[in-house]
Structure formats: structure tokens, C-alpha cells
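*Asks:* Structure file target-v8.txt (compact mmCIF, C-alpha atoms and all ligand atoms) right here:
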# COMPACT_ATOMS: atom_id res chain seq x y z
CA GLN N 1 2.46 -3.63 5.11
CA ASP N 2 0.34 -6.68 4.70
CA GLU N 3 -1.99 -6.44 1.73
CA ALA N 4 -4.06 -9.43 2.65
CA HIS N 5 -7.66 -9.04 3.68
CA PRO N 6 -7.78 -7.90 7.32
CA MET N 7 -9.65 -11.06 8.17
CA LEU N 8 -6.67 -13.13 7.10
CA GLN N 9 -4.03 -11.14 8.89
CA GLY N 10 -2.18 -12.33 11.93
CA SER N 11 -3.38 -12.35 15.46
CA SER N 12 -4.08 -9.11 17.20
CA PRO N 13 -2.52 -7.59 20.29
CA PRO N 14 -4.13 -8.79 23.52
CA GLY N 15 -7.28 -7.01 24.52
CA THR N 16 -8.34 -5.71 21.12
CA GLU N 17 -10.32 -8.70 19.83
CA PRO N 18 -10.90 -7.17 16.40
CA PHE N 19 -12.82 -10.04 14.91
CA HIS N 20 -14.91 -10.98 17.81
CA GLY N 21 -17.21 -13.89 17.11
CA ILE N 22 -14.97 -15.43 14.49
CA HIS N 23 -11.66 -16.24 16.05
CA HIS N 24 -12.88 -17.05 19.50
CA GLN N 25 -12.19 -20.40 21.10
CA HIS N 26 -14.67 -22.95 19.76
CA GLU N 27 -16.96 -24.56 22.28
CA ILE N 28 -17.90 -28.18 21.72
CA LEU N 29 -20.83 -29.65 23.60
CA ILE N 30 -20.68 -33.40 24.15
CA ILE N 31 -23.97 -35.07 25.06
CA ASP N 32 -23.09 -38.65 25.89
CA ASP N 33 -23.44 -40.88 28.93
CA ASP N 34 -20.30 -42.91 28.23
CA VAL N 35 -18.08 -41.43 30.91
CA GLU N 36 -14.89 -43.01 29.64
CA LEU N 37 -15.42 -41.83 26.08
CA VAL N 38 -16.35 -38.37 27.28
CA ALA N 39 -13.20 -38.08 29.40
CA PHE N 40 -11.06 -39.21 26.49
CA LEU N 41 -12.73 -36.77 24.09
CA ARG N 42 -12.36 -33.92 26.51
CA GLU N 43 -8.66 -34.54 26.84
CA SER N 44 -8.14 -34.87 23.10
CA LEU N 45 -10.21 -31.80 22.27
CA GLU N 46 -8.70 -29.61 24.96
CA LYS N 47 -5.27 -30.49 23.63
CA GLN N 48 -6.42 -28.90 20.36
CA SER N 49 -7.50 -25.80 22.32
CA TYR N 50 -11.21 -26.43 22.03
CA TYR N 51 -13.41 -25.57 24.95
CA VAL N 52 -15.42 -28.61 25.99
CA SER N 53 -18.79 -28.77 27.78
CA ILE N 54 -20.11 -32.10 28.92
CA ALA N 55 -23.63 -33.39 29.47
CA LEU N 56 -24.16 -36.96 30.61
CA SER N 57 -27.92 -36.71 30.06
CA ALA N 58 -30.30 -35.27 27.48
CA GLU N 59 -31.78 -32.85 29.97
CA ARG N 60 -28.41 -31.42 30.90
CA GLY N 61 -27.40 -31.27 27.23
CA LEU N 62 -30.49 -29.27 26.33
CA LYS N 63 -29.83 -26.88 29.20
CA ILE N 64 -26.25 -26.24 28.09
CA PHE N 65 -27.34 -25.91 24.47
CA TYR N 66 -29.80 -23.13 25.26
CA GLU N 67 -27.56 -21.38 27.75
CA SER N 68 -24.21 -21.34 26.05
CA LYS N 69 -24.81 -21.70 22.32
CA PRO N 70 -21.93 -24.08 21.58
CA ASP N 71 -20.20 -24.05 18.18
CA LEU N 72 -20.57 -27.75 17.58
CA ILE N 73 -22.50 -30.59 19.20
CA LEU N 74 -21.60 -34.21 19.58
CA LEU N 75 -24.66 -36.25 20.28
CA ASP N 76 -25.08 -39.83 21.41
CA ILE N 77 -28.24 -41.78 20.55
CA LEU N 78 -28.66 -43.93 23.65
CA LEU N 79 -28.97 -41.58 26.60
CA PRO N 80 -30.38 -42.37 30.04
CA ASP N 81 -33.35 -40.00 29.98
CA GLN N 82 -34.37 -39.37 26.33
CA SER N 83 -33.09 -40.68 23.04
CA GLY N 84 -30.58 -38.63 21.07
CA ILE N 85 -33.14 -38.48 18.28
CA ASP N 86 -35.59 -36.73 20.61
CA VAL N 87 -32.86 -34.28 21.57
CA LEU N 88 -32.15 -33.75 17.90
CA ARG N 89 -35.78 -32.94 17.14
CA GLN N 90 -35.77 -30.30 19.87
CA ILE N 91 -32.56 -28.54 18.89
CA ILE N 92 -32.22 -28.96 15.14
CA GLY N 93 -34.24 -25.87 14.21
CA LYS N 94 -32.18 -23.52 16.29
CA ALA N 95 -28.95 -25.33 15.45
CA LYS N 96 -29.60 -24.93 11.73
CA LYS N 97 -30.45 -21.28 12.12
CA GLU N 98 -27.25 -20.62 14.04
CA ARG N 99 -25.18 -22.95 11.88
CA ILE N 100 -24.21 -25.19 14.77
CA PRO N 101 -23.18 -28.53 13.28
CA ILE N 102 -24.52 -31.60 15.03
CA ILE N 103 -22.51 -34.79 14.79
CA ILE N 104 -24.03 -38.04 15.98
CA VAL N 105 -21.59 -40.46 17.54
CA SER N 106 -23.28 -43.73 18.26
CA GLY N 107 -22.98 -47.48 18.50
CA GLU N 108 -26.45 -47.46 16.97
CA HIS N 109 -25.81 -47.15 13.27
CA SER N 110 -28.44 -48.99 11.30
CA LYS N 111 -29.13 -47.51 7.90
CA ASP N 112 -32.64 -46.43 8.93
CA ILE N 113 -31.55 -44.43 11.93
CA GLN N 114 -28.71 -42.83 9.99
CA MET N 115 -31.06 -41.87 7.18
CA TYR N 116 -33.51 -40.43 9.63
CA ALA N 117 -30.84 -38.40 11.44
CA TYR N 118 -29.47 -37.05 8.17
CA SER N 119 -32.96 -36.17 6.99
CA LEU N 120 -33.47 -34.14 10.16
CA GLY N 121 -30.27 -32.25 9.37
CA VAL N 122 -27.32 -33.71 11.25
CA MET N 123 -23.99 -32.95 9.67
CA ASP N 124 -22.33 -36.33 10.22
CA TYR N 125 -23.03 -39.69 11.72
CA LEU N 126 -20.02 -41.47 13.15
CA PRO N 127 -19.87 -45.02 14.51
CA LYS N 128 -18.49 -45.99 17.88
CA PRO N 129 -15.76 -46.82 18.65
CA LEU N 130 -14.80 -43.36 17.52
CA ASP N 131 -11.59 -42.87 15.57
CA ILE N 132 -10.16 -39.76 17.19
CA ASP N 133 -7.84 -38.78 14.33
CA LEU N 134 -10.64 -38.89 11.81
CA PHE N 135 -12.87 -37.09 14.19
CA LEU N 136 -10.40 -34.24 14.75
CA VAL N 137 -9.92 -33.53 11.03
CA LEU N 138 -13.64 -33.74 10.49
CA ILE N 139 -14.50 -31.12 13.09
CA LYS N 140 -11.69 -28.87 11.89
CA ASN N 141 -13.27 -29.04 8.48
CA ARG N 142 -16.70 -28.21 9.95
CA PHE N 143 -15.31 -25.19 11.78
CA GLU N 144 -13.67 -24.00 8.59
CA LEU N 145 -17.02 -24.16 6.77
CA LYS N 146 -18.61 -22.27 9.59
CA ARG N 147 -15.92 -19.62 9.53
CA GLU N 148 -16.40 -19.14 5.79
CA TRP N 149 -20.10 -18.74 6.33
CA GLN N 150 -19.62 -16.28 9.20
CA GLU N 151 -17.21 -14.30 7.07
CA SER N 152 -19.61 -14.25 4.15
CA VAL N 153 -22.35 -12.67 6.22
CA ILE N 154 -20.19 -9.82 7.48
CA VAL N 155 -18.04 -9.01 4.47
CA ASP N 156 -19.15 -6.85 1.57
CA GLU N 157 -18.75 -8.77 -1.66
CA LEU N 158 -17.66 -5.95 -3.95
CA THR N 159 -15.05 -4.30 -1.75
CA GLY N 160 -14.03 -6.93 0.79
CA ALA N 161 -14.71 -4.38 3.53
CA PHE N 162 -16.84 -5.43 6.47
CA ASN N 163 -20.51 -4.70 5.90
CA ARG N 164 -22.98 -2.54 7.77
CA LYS N 165 -23.99 -5.41 10.04
CA TYR N 166 -20.38 -5.78 11.21
CA PHE N 167 -20.05 -2.00 11.46
CA ASN N 168 -22.93 -2.01 13.95
CA GLN N 169 -21.45 -4.88 15.93
CA THR N 170 -18.03 -3.24 16.04
CA MET N 171 -19.44 0.08 17.15
CA LYS N 172 -21.37 -1.57 19.96
CA ARG N 173 -18.38 -3.60 21.07
CA LEU N 174 -15.96 -0.66 21.06
CA VAL N 175 -18.40 1.55 22.93
CA SER N 176 -18.94 -1.09 25.59
CA ASP N 177 -15.17 -1.69 25.81
CA PHE N 178 -14.74 2.02 26.32
CA ARG N 179 -17.32 2.10 29.10
CA ARG N 180 -15.70 -0.85 30.81
CA THR N 181 -12.02 -0.06 30.38
CA GLY N 182 -11.77 3.56 29.27
CA ARG N 183 -10.00 2.47 26.10
CA ILE N 184 -10.62 5.19 23.54
CA PHE N 185 -11.13 4.83 19.82
CA SER N 186 -11.77 7.06 16.84
CA VAL N 187 -14.11 6.49 13.96
CA ALA N 188 -13.80 8.07 10.53
CA LEU N 189 -16.60 8.28 7.99
CA MET N 190 -15.34 8.57 4.43
CA ASP N 191 -17.47 9.42 1.41
CA LEU N 192 -16.21 9.48 -2.17
CA ASP N 193 -16.48 12.88 -3.82
CA HIS N 194 -18.76 13.40 -6.82
CA PHE N 195 -19.08 9.69 -7.24
CA LYS N 196 -22.34 10.01 -9.11
CA HIS N 197 -20.37 11.89 -11.74
CA VAL N 198 -17.91 8.96 -12.03
CA ASN N 199 -20.80 6.55 -12.64
CA ASP N 200 -22.57 8.91 -15.03
CA THR N 201 -19.44 9.59 -17.05
CA TYR N 202 -17.69 6.22 -17.11
CA GLY N 203 -20.40 3.74 -16.18
CA HIS N 204 -21.20 1.66 -13.12
CA LEU N 205 -18.50 -0.95 -13.71
CA VAL N 206 -15.83 1.70 -13.59
CA GLY N 207 -17.52 3.05 -10.49
CA ASP N 208 -17.27 -0.39 -8.92
CA GLU N 209 -13.58 -0.54 -9.78
CA VAL N 210 -13.05 2.80 -8.06
CA LEU N 211 -14.78 1.46 -4.94
CA GLN N 212 -12.48 -1.57 -4.98
CA THR N 213 -9.35 0.48 -5.49
CA PHE N 214 -10.38 2.81 -2.71
CA SER N 215 -10.89 -0.14 -0.37
CA GLU N 216 -7.50 -1.57 -1.22
CA ALA N 217 -5.89 1.78 -0.58
CA VAL N 218 -7.48 1.98 2.85
CA ARG N 219 -6.57 -1.58 3.81
CA ARG N 220 -3.00 -1.00 2.83
CA SER N 221 -2.70 1.89 5.25
CA ILE N 222 -4.37 0.57 8.36
CA ARG N 223 -3.28 -1.57 11.28
CA VAL N 224 -4.47 -5.08 12.07
CA GLU N 225 -6.60 -3.82 14.95
CA ASP N 226 -8.40 -1.26 12.80
CA THR N 227 -11.72 -2.24 11.26
CA PHE N 228 -12.72 -1.01 7.83
CA CYS N 229 -16.39 -1.20 6.86
CA ARG N 230 -18.61 -0.27 3.97
CA PHE N 231 -21.24 1.85 5.63
CA GLY N 232 -23.37 1.91 2.49
CA GLY N 233 -23.04 2.92 -1.18
CA GLU N 234 -19.85 4.97 -1.54
CA GLU N 235 -19.59 5.69 2.15
CA PHE N 236 -17.14 3.85 4.39
CA ALA N 237 -16.17 3.80 8.04
CA LEU N 238 -12.86 3.15 9.72
CA PHE N 239 -12.59 2.26 13.40
CA MET N 240 -9.25 2.94 15.00
CA PRO N 241 -8.96 1.53 18.53
CA ASN N 242 -6.54 3.15 20.97
CA THR N 243 -6.29 6.16 18.69
CA ASP N 244 -7.20 9.75 19.49
CA SER N 245 -8.73 11.97 16.85
CA ALA N 246 -5.47 13.86 16.19
CA SER N 247 -3.68 10.60 15.27
CA ALA N 248 -6.71 9.38 13.32
CA LEU N 249 -6.59 12.60 11.33
CA LEU N 250 -3.04 11.84 10.23
CA VAL N 251 -4.01 8.31 9.15
CA VAL N 252 -6.98 9.48 7.11
CA GLN N 253 -5.11 12.38 5.55
CA ARG N 254 -2.37 10.02 4.44
CA ILE N 255 -4.95 7.74 2.80
CA GLN N 256 -6.50 10.80 1.21
CA ARG N 257 -3.19 11.83 -0.37
CA GLU N 258 -2.41 8.33 -1.58
CA PHE N 259 -5.84 7.74 -3.05
CA ALA N 260 -6.01 11.13 -4.77
CA ALA N 261 -2.67 10.39 -6.43
CA ARG N 262 -3.99 7.26 -8.14
CA SER N 263 -5.17 7.66 -11.65
CA PHE N 264 -7.95 5.72 -13.29
CA THR N 265 -8.36 5.20 -16.99
CA ALA N 266 -11.68 4.83 -18.78
CA LYS N 267 -13.00 5.92 -22.16
CA LYS N 268 -9.41 6.81 -23.09
CA GLU N 269 -9.37 9.41 -20.35
CA GLN N 270 -7.43 9.62 -17.15
CA PHE N 271 -9.20 10.78 -14.06
CA HIS N 272 -8.71 11.02 -10.32
CA VAL N 273 -11.11 10.50 -7.47
CA THR N 274 -10.99 11.99 -3.98
CA PHE N 275 -12.94 11.46 -0.80
CA SER N 276 -14.02 13.55 2.15
CA ALA N 277 -13.95 12.42 5.76
CA GLY N 278 -15.24 13.26 9.20
CA ILE N 279 -13.67 11.97 12.40
CA THR N 280 -14.88 11.67 15.92
CA GLU N 281 -13.30 10.27 19.07
CA VAL N 282 -15.22 8.54 21.84
CA ARG N 283 -15.47 10.71 24.93
CA GLU N 284 -16.83 10.40 28.44
CA ALA N 285 -20.04 12.31 27.97
CA LEU N 286 -20.63 11.16 24.43
CA HIS N 287 -20.63 7.46 24.06
CA GLU N 288 -23.86 6.44 22.40
CA PRO N 289 -23.23 4.78 19.01
CA ASP N 290 -25.83 6.95 17.28
CA ARG N 291 -24.38 10.15 18.65
CA LEU N 292 -20.90 9.16 17.60
CA ILE N 293 -22.02 8.42 14.07
CA GLY N 294 -23.97 11.68 14.04
CA GLU N 295 -20.86 13.62 15.05
CA ALA N 296 -18.68 11.96 12.44
CA ASP N 297 -21.37 12.58 9.87
CA GLN N 298 -21.53 16.28 10.74
CA ALA N 299 -17.77 16.52 10.41
CA LEU N 300 -18.00 14.76 7.04
CA TYR N 301 -20.66 17.18 5.93
CA ALA N 302 -18.37 20.08 6.89
CA SER N 303 -15.58 18.55 4.74
CA LYS N 304 -17.98 18.41 1.80
CA ALA N 305 -19.17 21.97 2.36
CA GLU N 306 -15.62 23.29 2.55
CA GLY N 307 -14.68 21.92 -0.84
CA ARG N 308 -14.18 18.10 -0.42
CA ASN N 309 -10.94 16.04 -0.40
CA ARG N 310 -10.38 16.99 3.23
CA THR N 311 -10.92 15.69 6.76
CA THR N 312 -12.69 17.45 9.59
CA LEU N 313 -12.56 16.62 13.28
P1 LIG P 401 -20.76 14.01 -2.90
O1 LIG P 401 -19.38 14.47 -3.25
O2 LIG P 401 -21.59 15.11 -2.36
O3 LIG P 401 -20.71 12.85 -1.98
O4 LIG P 401 -21.46 13.56 -4.26
P2 LIG P 401 -21.72 12.10 -4.77
O5 LIG P 401 -22.01 12.16 -6.20
O6 LIG P 401 -20.56 11.20 -4.37
O7 LIG P 401 -22.93 11.66 -3.87
P3 LIG P 401 -24.34 11.06 -4.24
O8 LIG P 401 -24.90 10.61 -2.94
O9 LIG P 401 -25.15 12.05 -5.03
O10 LIG P 401 -24.07 9.83 -5.18
C1 LIG P 401 -23.54 8.65 -4.71
C2 LIG P 401 -23.52 7.70 -5.86
O11 LIG P 401 -22.90 6.47 -5.50
C3 LIG P 401 -24.91 7.34 -6.33
C4 LIG P 401 -24.91 5.85 -6.41
O12 LIG P 401 -25.46 5.36 -7.62
C5 LIG P 401 -23.46 5.48 -6.33
N1 LIG P 401 -23.23 4.14 -5.79
C6 LIG P 401 -23.62 3.66 -4.59
N2 LIG P 401 -23.24 2.36 -4.46
C7 LIG P 401 -22.60 2.03 -5.59
C8 LIG P 401 -21.98 0.82 -6.08
O13 LIG P 401 -21.94 -0.22 -5.42
N3 LIG P 401 -21.39 0.85 -7.30
C9 LIG P 401 -21.42 1.98 -8.07
N4 LIG P 401 -20.82 1.94 -9.25
N5 LIG P 401 -22.00 3.12 -7.65
C10 LIG P 401 -22.58 3.15 -6.44
MG MG P 402 -25.03 -43.68 25.32
MG MG P 403 -20.26 10.86 -2.28
MG MG P 404 -22.74 9.42 -0.03
Would you put the structure from the file into C-alpha cells?

*Replies:*
Amino acid sequence: QDEAHPMLQGSSPPGTEPFHGIHHQHEILIIDDDVELVAFLRESLEKQSYYVSIALSAERGLKIFYESKPDLILLDILLPDQSGIDVLRQIIGKAKKERIPIIIVSGEHSKDIQMYAYSLGVMDYLPKPLDIDLFLVLIKNRFELKREWQESVIVDELTGAFNRKYFNQTMKRLVSDFRRTGRIFSVALMDLDHFKHVNDTYGHLVGDEVLQTFSEAVRRSIRVEDTFCRFGGEEFALFMPNTDSASALLVVQRIQREFAARSFTAKKEQFHVTFSAGITEVREALHEPDRLIGEADQALYASKAEGRNRTTL
């Protein structure tokens, strides 16, 4: 199986959308009144599979910006109703907050206006006539930066698992998918056993290493469409779409066996670590995120109470 980070793995089967918000089709908003240029850009960008929205006026551009939150904006300076700089002043705050790059494309490229636009926060300032090849590599580069940023805000640094924020998003998305399509999923909560003891005996750095090894072990055993998150501390969650709880149990128990078999060495001692898990499956009458987590948590608690290193449904 692929050992790469789940984020870097291949595309997913249709309908599962595991990394919603990251690998979606990028929308580019073009605000420019040059109809010929706009038509040419649309064709070139659509060929690269971008989704293109067009505004031939500032007013229309602002409307689309607020309604559809594009991923990148191409802005002309000379527009029929307002100047591009005025548009910029109105949208730059929100664009910066949402990391939407703004690229000015203009015949107007005096040093003063460029300096002013850059000082407001535009990403690039390109002269007309636009060189399409340069432009295409430039926006690809901008999207790559954006993807790295998006990844960095949803991935836990220590373990490479998705963080709590992404856990919440995933839970919401899977629950709403279930309501819409009836597609079931299971979620497992996993908590390392006596982890405080590991830290107390071998130190925090060794504890961190155990968390990393655990995360690797999980990633190695799951499918591309599964989502593995750090719920907090030494507690993790695994979403398994299209999986009932009986199948999820087998997955988690296999990870449990594999992880328990690993040995760690510290202070010239060998030791093993185990984890306990609780699983729940989404069901008709029970589809509120909080209730699902509560159920999985109760099952986890039962695993702890019954002696740890086990999984409860
Ligand atoms: P139980 O089997 O009942 O779960 O016992 P436990 O010791 O695992 O549970 P407890 O909640 O008492 O302790 C969890 C410990 O995990 C305490 C905390 O310091 C440690 N921990 C949480 N996050 C990290 C981390 O990022 N790195 C390290 N090294 N330790 C962490
Ligand atoms: Mg113009
Ligand atoms: Mg624990
Ligand atoms: Mg815990």
C-alpha cells in the first residue's frame, strides 16, 4: 500500500470527495472589459480545466466576488464604471483573509500605479498584451502556494494526520452526504493506552515518536477515501466512508495488532504501546455529529474499562 501522506495519494473514486476544498476545480474570476482578451483567456484557461467567471464591469465583478468566492482574480485597471484600483480597495481585505490572489493585468503600468497596487496587496502586476504562457505558469504557481497554505491549516504538524478543524469539516460533510444519498460511514476513535506513563518514563520526545509511529501505522492500513485525524493529544479519529461498523472493526483490529507488535527502544529498554478504540456507524435515527462522536466515545470508554488494547462497537 501507498505510504505517502493521504493528501498526496491518487485521485479518489467518484462521489467520495475526500479532500473537499483542496482538490476542487479552481475558479478564476476575470474582471476586464476587453471582450476579445476575455474570450481568449476563457478559452485558454478552460483548456487547463479551470472554471472561469467573467465580469465586464466593476459592479458585476464585485457581485461575483462576494457570491462565489473565486480562487483567483484577474483584475483590469481601466473599467467602464469604476477603476480597478477602487475595486481592489473594496475586495483586498477579504481576499487577503481568504488567500485569494489578485493579479492585475493592465495596459496601465506606470511605476507609481504598480507600487500602489503592490502596497495594497496584489500578488502580481502583469502588462498587456498578456503573454499567455507566462501567465499560465504563474497562476499554477499561485495555486500551488495556496494549496500548501490550505494543507498547512488542516494538517497536524507532529503526526501528519488531519487536525481537529478538518475532523469537524469531514464529519459535517459525511453526515450531510449521508442525509442526501444514504451513503453510510463509520468513525473510529482511537486513544493510546497509558500514554502518560510513556511520557513519564521515557520523556516527551519519545512520546512524540510514538505518536508519529502510530500515525504511520494507521496510514499504512487505510484506503485513499478514509480520513485520519488527530482529534487531540493522543486521541485520533478515523472516518471510513462506505463502511459498516463490522468491516470497520476488522480494519481497526488489524491496526491494533500491527501497532502492538512494534517495539520501541528508549533508555536501553524495549517497550510496546497499544491503543483502545470505539466505533460507531451512521444510522437513520442518529445522524448528528455530536451524537456520533458521543457514541464512539462511549464505545472507546468501554474498551478502556474492559482492559484496553481492544475495540468496541
Ligand atoms: P488511558 O489509557 O486511560 O488513555 O491513559 P493515558 O495515560 O493514555 O491518558 P491520559 O489522558 O491520562 O494522558 C494522556 C497523555 O498524553 C497526557 C499528555 O501529556 C500526553 N500528550 C498529549 N499530547 C501529546 C503530545 O503531543 N506529545 C506527547 N509526548 N504527549 C502528549
Ligand atoms: Mg479595461
Ligand atoms: Mg490515552
Ligand atoms: Mg486521551

*Asks:* Write out as a Markdown table the residues of chain N that have any atom within 12 Å of an atom of ligand MG 404 (chain P), one row each with the nearest atom pair and its distance in Å to one decimal, counting only C-alpha atoms and all ligand atoms, sorted by chain and then rising number.

*Replies:*
| residue | atom | partner | partner_atom | distance |
| --- | --- | --- | --- | --- |
| N:Leu189 | CA | P:MG404 | MG | 10.2 |
| N:Met190 | CA | P:MG404 | MG | 8.7 |
| N:Asp191 | CA | P:MG404 | MG | 5.5 |
| N:Leu192 | CA | P:MG404 | MG | 6.9 |
| N:Asp193 | CA | P:MG404 | MG | 8.1 |
| N:His194 | CA | P:MG404 | MG | 8.8 |
| N:Phe195 | CA | P:MG404 | MG | 8.1 |
| N:Lys196 | CA | P:MG404 | MG | 9.1 |
| N:Arg230 | CA | P:MG404 | MG | 11.3 |
| N:Phe231 | CA | P:MG404 | MG | 9.6 |
| N:Gly232 | CA | P:MG404 | MG | 7.9 |
| N:Gly233 | CA | P:MG404 | MG | 6.6 |
| N:Glu234 | CA | P:MG404 | MG | 5.5 |
| N:Glu235 | CA | P:MG404 | MG | 5.3 |
| N:Phe236 | CA | P:MG404 | MG | 9.1 |
| N:Ala237 | CA | P:MG404 | MG | 11.8 |
| N:Phe275 | CA | P:MG404 | MG | 10.0 |
| N:Ser276 | CA | P:MG404 | MG | 9.9 |
| N:Ala277 | CA | P:MG404 | MG | 10.9 |
| N:Asp297 | CA | P:MG404 | MG | 10.5 |
| N:Leu300 | CA | P:MG404 | MG | 10.0 |
| N:Tyr301 | CA | P:MG404 | MG | 10.0 |
| N:Lys304 | CA | P:MG404 | MG | 10.3 |

*Asks:* Return the single residue from N:Gln48, N:Gln256, N:Gln82, N:Thr227 that is closest to Gly61 (chain N), with distances computed using only C-alpha atoms.

*Replies:*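 Of N:Gln48, N:Gln256, N:Gln82, N:Thr227, the one nearest Gly61 (chain N), counting only C-alpha atoms, is N:Gln82.
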
*Asks:* So, counting all atoms listed in the file, which residue among N:Arg223, N:Lys63, N:His197, N:Arg42 is closest to ligand MG 403 (chain P)?

*Replies:* N:His197

*Asks:* Could I get the residue neighbourhood of ligand MG 402 (chain P) at 7 Å, counting only C-alpha atoms and all ligand atoms, as a PyMOL selection string?

*Replies:* chain N and resi 32-34+76-79

*Asks:* Using all atoms listed in the file, pick whichever of N:Tyr51, N:Glu67, N:Phe162, N:Ile73 has the shortest atom-to-atom distance to Leu88 (chain N).

*Replies:*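 Looking only at the distances to Leu88 (chain N), the closest residue turns out to be N:Ile73.
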
*Asks:* Distance cut-off 8 Å, centre (-29.1, -30.1, 16.5) in file coordinates, counting only C-alpha atoms: which residues qualify? Return them as an MDAnalysis selection string.

*Replies:* chainID N and resid 73 87:96 100:102 121:122

*Asks:* Around all listed atoms of ligand LIG 401 (chain P), padded 4 Å per side, what centre and edge lengths does the axis-aligned box have in Å to one decimal, as AutoDock Vina command-line options?

*Replies:*
--center_x -22.4 --center_y 7.4 --center_z -5.6 --size_x 14.1 --size_y 23.3 --size_z 15.3

*Asks:* Distance CA of Thr159 (chain N)-CA of Val175 (chain N), one decimal place?

*Replies:*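 Computed distance, CA of Thr159 (chain N) to CA of Val175 (chain N), equals 25.6 Å.
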
*Asks:* Leaving out Leu249 (chain N) and any residue of its chain fewer than 6 positions from it, which residues lie within 9 Å of it when counting only C-alpha atoms, given as a PyMOL selection string?

*Replies:* chain N and resi 188+278-279+311-313

*Asks:* Kindly export the residues of the current selection with C-alpha atoms, as a PDB file, in the frame of the given file.

*Replies:*
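Saved file result.pdb follows:
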ATOM      1  CA  ALA N 188     -13.800   8.070  10.530  1.00  0.00           C
ATOM      2  CA  GLY N 278     -15.240  13.260   9.200  1.00  0.00           C
ATOM      3  CA  ILE N 279     -13.670  11.970  12.400  1.00  0.00           C
ATOM      4  CA  THR N 311     -10.920  15.690   6.760  1.00  0.00           C
ATOM      5  CA  THR N 312     -12.690  17.450   9.590  1.00  0.00           C
ATOM      6  CA  LEU N 313     -12.560  16.620  13.280  1.00  0.00           C
TER       7      LEU N 313
END

*Asks:* Take atom C2 of ligand LIG 401 (chain P) and CA of Thr274 (chain N) and report the distance between them in Å, one decimal.

*Replies:*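 One can read the atom C2 of ligand LIG 401 (chain P) to CA of Thr274 (chain N) distance as 13.4 Å.
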
*Asks:* Within 12 Å of region 257-264 of chain N, counting all atoms listed in the file, which residues show up once you throw out same-chain ones fewer than 4 positions away? Write them as JSON, numbers by chain, please.

*Replies:* {"N": [192, 193, 198, 202, 206, 207, 208, 209, 210, 211, 212, 213, 214, 215, 216, 217, 218, 219, 220, 221, 250, 251, 252, 253, 268, 269, 270, 271, 272, 273, 274, 275, 276, 308, 309, 310, 311]}

*Asks:* For ligand LIG 401 (chain P), which residue among N:Asp81, N:Glu36, N:Glu284, N:Glu157 is the nearest when counting only C-alpha atoms and all ligand atoms?

*Replies:*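 Residue with the minimum atom-to-atom distance to ligand LIG 401 (chain P): N:Glu157.
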
*Asks:* Under the rule that all atoms listed in the file are counted, which of N:Gly84, N:Gly182, N:Pro241, N:Gly203 is the nearest residue to ligand LIG 401 (chain P)?

*Replies:* N:Gly203

*Asks:* Using CA of Phe228 (chain N) and CA of Phe143 (chain N) as the two end points, give the distance in Å to one decimal.

*Replies:*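 About the pair CA of Phe228 (chain N) and CA of Phe143 (chain N): they are 24.6 Å apart.
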
*Asks:* Can you tell me, as number ranges by chain, what residues are no more than 8 Å from Tyr166 (chain N) when counting only C-alpha atoms, ignoring any on the same chain fewer than 3 positions away?

*Replies:* N: 154-155, 162-163, 169-170, 229

*Asks:* Choose the residue, out of N:Ala246, N:Lys172, N:Glu225, N:Thr201, that has the smallest atom-to-atom separation from Ile293 (chain N); count all atoms listed in the file.

*Replies:*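 Nearest to Ile293 (chain N): N:Lys172.
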
*Asks:* Leaving out Ser44 (chain N) and any residue of its chain fewer than 3 positions from it, which residues lie within 12 Å of it when counting all atoms listed in the file, given as a ChimeraX atom specification?

*Replies:* /N:28,37-41,47-52,131-133,135-136
